[in-house]
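Asks: File follows, data_36.cif with mmCIF, N, CA and C atoms:
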```
data_final
loop_
_atom_site.label_atom_id
_atom_site.label_comp_id
_atom_site.auth_asym_id
_atom_site.auth_seq_id
_atom_site.Cartn_x
_atom_site.Cartn_y
_atom_site.Cartn_z
N MET Q 1 92.80 54.30 84.87
CA MET Q 1 93.20 55.26 85.88
C MET Q 1 93.28 56.65 85.25
N GLU Q 2 92.71 57.63 85.93
CA GLU Q 2 92.76 59.02 85.45
C GLU Q 2 94.13 59.62 85.72
N LYS Q 3 94.52 60.54 84.86
CA LYS Q 3 95.78 61.26 85.07
C LYS Q 3 95.63 62.18 86.27
N LEU Q 4 96.70 62.29 87.05
CA LEU Q 4 96.71 63.20 88.19
C LEU Q 4 97.31 64.54 87.81
N MET Q 5 98.16 64.54 86.78
CA MET Q 5 98.79 65.77 86.32
C MET Q 5 98.71 65.84 84.80
N LEU Q 6 98.59 67.06 84.30
CA LEU Q 6 98.45 67.28 82.87
C LEU Q 6 99.58 68.15 82.36
N SER Q 7 99.89 68.00 81.09
CA SER Q 7 100.84 68.90 80.44
C SER Q 7 100.16 70.25 80.25
N VAL Q 8 100.94 71.26 79.92
CA VAL Q 8 100.38 72.59 79.66
C VAL Q 8 99.36 72.51 78.53
N GLU Q 9 99.69 71.76 77.49
CA GLU Q 9 98.78 71.62 76.35
C GLU Q 9 97.47 70.96 76.76
N GLU Q 10 97.55 69.92 77.58
CA GLU Q 10 96.34 69.23 78.04
C GLU Q 10 95.51 70.13 78.94
N ALA Q 11 96.16 70.88 79.82
CA ALA Q 11 95.45 71.81 80.70
C ALA Q 11 94.74 72.88 79.88
N ALA Q 12 95.41 73.38 78.85
CA ALA Q 12 94.81 74.39 77.98
C ALA Q 12 93.56 73.83 77.32
N GLU Q 13 93.64 72.61 76.87
CA GLU Q 13 92.49 71.98 76.22
C GLU Q 13 91.33 71.82 77.20
N VAL Q 14 91.63 71.39 78.42
CA VAL Q 14 90.59 71.20 79.43
C VAL Q 14 89.93 72.53 79.78
N LEU Q 15 90.73 73.60 79.89
CA LEU Q 15 90.20 74.92 80.24
C LEU Q 15 89.56 75.62 79.05
N GLY Q 16 89.86 75.14 77.85
CA GLY Q 16 89.31 75.77 76.65
C GLY Q 16 90.00 77.08 76.31
N VAL Q 17 91.29 77.15 76.63
CA VAL Q 17 92.08 78.35 76.34
C VAL Q 17 93.34 77.93 75.58
N GLY Q 18 94.10 78.90 75.14
CA GLY Q 18 95.35 78.61 74.45
C GLY Q 18 96.48 78.29 75.41
N ARG Q 19 97.52 77.72 74.86
CA ARG Q 19 98.70 77.36 75.64
C ARG Q 19 99.32 78.58 76.32
N SER Q 20 99.36 79.70 75.61
CA SER Q 20 99.97 80.91 76.18
C SER Q 20 99.17 81.43 77.37
N ALA Q 21 97.86 81.24 77.35
CA ALA Q 21 97.03 81.65 78.49
C ALA Q 21 97.37 80.84 79.73
N VAL Q 22 97.63 79.55 79.55
CA VAL Q 22 98.02 78.70 80.68
C VAL Q 22 99.38 79.14 81.20
N TYR Q 23 100.32 79.43 80.30
CA TYR Q 23 101.63 79.92 80.75
C TYR Q 23 101.48 81.25 81.50
N ASP Q 24 100.56 82.12 81.07
CA ASP Q 24 100.31 83.36 81.80
C ASP Q 24 99.79 83.08 83.20
N LEU Q 25 98.86 82.13 83.33
CA LEU Q 25 98.34 81.76 84.64
C LEU Q 25 99.45 81.21 85.54
N LEU Q 26 100.34 80.42 84.97
CA LEU Q 26 101.46 79.89 85.74
C LEU Q 26 102.40 81.02 86.18
N ARG Q 27 102.70 81.91 85.25
CA ARG Q 27 103.62 83.02 85.54
C ARG Q 27 103.06 83.93 86.63
N LEU Q 28 101.75 84.16 86.60
CA LEU Q 28 101.08 85.01 87.59
C LEU Q 28 100.77 84.26 88.88
N ARG Q 29 101.13 82.99 88.92
CA ARG Q 29 100.89 82.12 90.09
C ARG Q 29 99.40 81.99 90.43
N LYS Q 30 98.57 82.05 89.41
CA LYS Q 30 97.14 81.82 89.59
C LYS Q 30 96.82 80.34 89.43
N LEU Q 31 97.77 79.59 88.87
CA LEU Q 31 97.61 78.16 88.65
C LEU Q 31 98.89 77.48 89.10
N ALA Q 32 98.75 76.50 89.98
CA ALA Q 32 99.92 75.80 90.52
C ALA Q 32 100.44 74.76 89.53
N SER Q 33 101.73 74.51 89.60
CA SER Q 33 102.32 73.49 88.74
C SER Q 33 103.49 72.83 89.47
N VAL Q 34 103.93 71.73 88.87
CA VAL Q 34 105.05 70.95 89.41
C VAL Q 34 106.04 70.73 88.29
N LYS Q 35 107.32 70.87 88.60
CA LYS Q 35 108.34 70.61 87.59
C LYS Q 35 108.75 69.15 87.71
N VAL Q 36 108.66 68.43 86.61
CA VAL Q 36 109.04 67.02 86.54
C VAL Q 36 110.12 66.92 85.48
N GLY Q 37 111.36 66.80 85.92
CA GLY Q 37 112.47 66.84 84.97
C GLY Q 37 112.51 68.20 84.31
N ARG Q 38 112.44 68.22 82.98
CA ARG Q 38 112.42 69.48 82.25
C ARG Q 38 111.01 69.92 81.87
N SER Q 39 110.03 69.14 82.30
CA SER Q 39 108.63 69.42 81.95
C SER Q 39 107.88 70.08 83.09
N ARG Q 40 106.86 70.83 82.74
CA ARG Q 40 105.98 71.47 83.71
C ARG Q 40 104.66 70.71 83.68
N ARG Q 41 104.19 70.25 84.82
CA ARG Q 41 102.93 69.52 84.90
C ARG Q 41 101.98 70.24 85.85
N ILE Q 42 100.71 70.20 85.52
CA ILE Q 42 99.69 70.88 86.30
C ILE Q 42 98.78 69.83 86.94
N PRO Q 43 98.77 69.78 88.27
CA PRO Q 43 97.89 68.82 88.93
C PRO Q 43 96.42 69.12 88.60
N VAL Q 44 95.66 68.08 88.39
CA VAL Q 44 94.23 68.24 88.10
C VAL Q 44 93.56 68.99 89.25
N ALA Q 45 93.99 68.72 90.48
CA ALA Q 45 93.42 69.42 91.64
C ALA Q 45 93.67 70.92 91.54
N ALA Q 46 94.80 71.35 90.99
CA ALA Q 46 95.10 72.77 90.83
C ALA Q 46 94.14 73.41 89.83
N LEU Q 47 93.77 72.68 88.79
CA LEU Q 47 92.78 73.19 87.83
C LEU Q 47 91.43 73.40 88.52
N HIS Q 48 91.03 72.44 89.35
CA HIS Q 48 89.77 72.57 90.08
C HIS Q 48 89.80 73.77 91.02
N ARG Q 49 90.93 73.95 91.73
CA ARG Q 49 91.07 75.10 92.63
C ARG Q 49 91.00 76.41 91.86
N TYR Q 50 91.68 76.49 90.73
CA TYR Q 50 91.67 77.71 89.92
C TYR Q 50 90.25 78.05 89.48
N ILE Q 51 89.52 77.06 89.02
CA ILE Q 51 88.15 77.29 88.56
C ILE Q 51 87.26 77.73 89.72
N GLU Q 52 87.39 77.08 90.89
CA GLU Q 52 86.59 77.46 92.05
C GLU Q 52 86.91 78.89 92.48
N ASP Q 53 88.20 79.25 92.51
CA ASP Q 53 88.60 80.60 92.89
C ASP Q 53 88.07 81.62 91.88
N ALA Q 54 88.17 81.31 90.62
CA ALA Q 54 87.72 82.23 89.57
C ALA Q 54 86.21 82.42 89.64
N MET Q 55 85.48 81.36 89.93
CA MET Q 55 84.02 81.45 90.00
C MET Q 55 83.55 82.23 91.22
N SER Q 56 84.36 82.29 92.27
CA SER Q 56 83.97 83.00 93.48
C SER Q 56 84.18 84.51 93.35
N LYS Q 57 84.89 84.96 92.31
CA LYS Q 57 85.10 86.38 92.09
C LYS Q 57 83.90 86.97 91.35
N PRO Q 58 83.58 88.22 91.63
CA PRO Q 58 82.41 88.83 90.98
C PRO Q 58 82.53 88.89 89.45
N ASP Q 59 83.74 89.02 88.93
CA ASP Q 59 83.92 89.13 87.48
C ASP Q 59 83.88 87.78 86.79
N GLY Q 60 83.93 86.70 87.54
CA GLY Q 60 84.00 85.37 86.93
C GLY Q 60 85.42 85.03 86.58
N VAL Q 61 85.61 84.21 85.59
CA VAL Q 61 86.94 83.71 85.21
C VAL Q 61 87.73 84.81 84.53
N SER Q 62 88.98 84.97 84.98
CA SER Q 62 89.87 85.96 84.38
C SER Q 62 91.23 85.33 84.16
N VAL Q 63 91.76 85.41 82.96
CA VAL Q 63 93.05 84.79 82.66
C VAL Q 63 94.19 85.66 83.13
N ALA Q 64 94.15 86.94 82.84
CA ALA Q 64 95.29 87.79 83.22
C ALA Q 64 94.83 89.00 83.98
#
```
Would you mind giving the structure from this file in structure tokens?
Replies:
Amino acid sequence: MEKLMLSVEEAAEVLGVGRSAVYDLLRLRKLASVKVGRSRRIPVAALHRYIEDAMSKPDGVSVA
């Protein structure tokens, strides 16, 4: 079974960016997340939405 949610570190690895870049995306509300206990988890569907949104912009993917 595939994971439905990823840790910040896992999301960073999937996106090919650093952990701080993912935290920036979360802070800017460009990437959705869910709080599970004391942890922050990013739904895989949110990663797909972020990539689709970023690709639809003329500049392409932008972290901040």
Asks: Using only the atoms of range 45-50 of chain Q listed in the file, plus 8 Å on each side, state the axis-aligned box centre and edge lengths in Å rounded to one decimal, as lines of an AutoDock Vina configuration file.
Replies:
```
center_x = 92.4
center_y = 73.4
center_z = 90.2
size_x = 21.3
size_y = 25.3
size_z = 20.8
```
Asks: Which neighbours of range 32-41 of chain Q fall inside 8 Å, counting only C-alpha atoms, when residues of the same chain fewer than 3 positions from it are skipped, and could you give them as a PyMOL selection string?
Replies: chain Q and resi 5-8+26+29+46
Asks: Considering only strand (DSSP E) as DSSP defines it on the backbone, what residues of chain Q qualify? List them as a PyMOL selection string.
Replies: chain Q and resi 5-7+34-36+39-43
Asks: Show me, as a list in words, the residues that have an atom within 7 Å of Leu31 in chain Q when counting all atoms listed in the file, minus same-chain residues fewer than 6 positions from it.
Replies: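 Neighbouring residues, sequence-local ones excluded: Asp24, Leu25, Ala46, Leu47 and Tyr50 of chain Q.
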Asks: How many Å lie between CA of Pro58 in chain Q and atom N of Lys30 in chain Q, rounded to one decimal?
Replies: 17.6 Å
Asks: I'd like the interatomic distance between CA of Lys3 in chain Q and CA of Lys57 in chain Q, to a tenth of an Å.
Replies: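 So the two atoms, CA of Lys3 in chain Q and CA of Lys57 in chain Q, lie 28.2 Å apart.
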Asks: Could you check how far atom C of Val14 in chain Q sits from atom N of Ala54 in chain Q, in Å to one decimal?
Replies: 14.1 Å
Asks: List every residue of chain Q that DSSP, applied to the backbone of this structure, assigns to alpha helix (DSSP H), and report them as number ranges by chain.
Replies: Q: 8-15, 19-27, 44-56
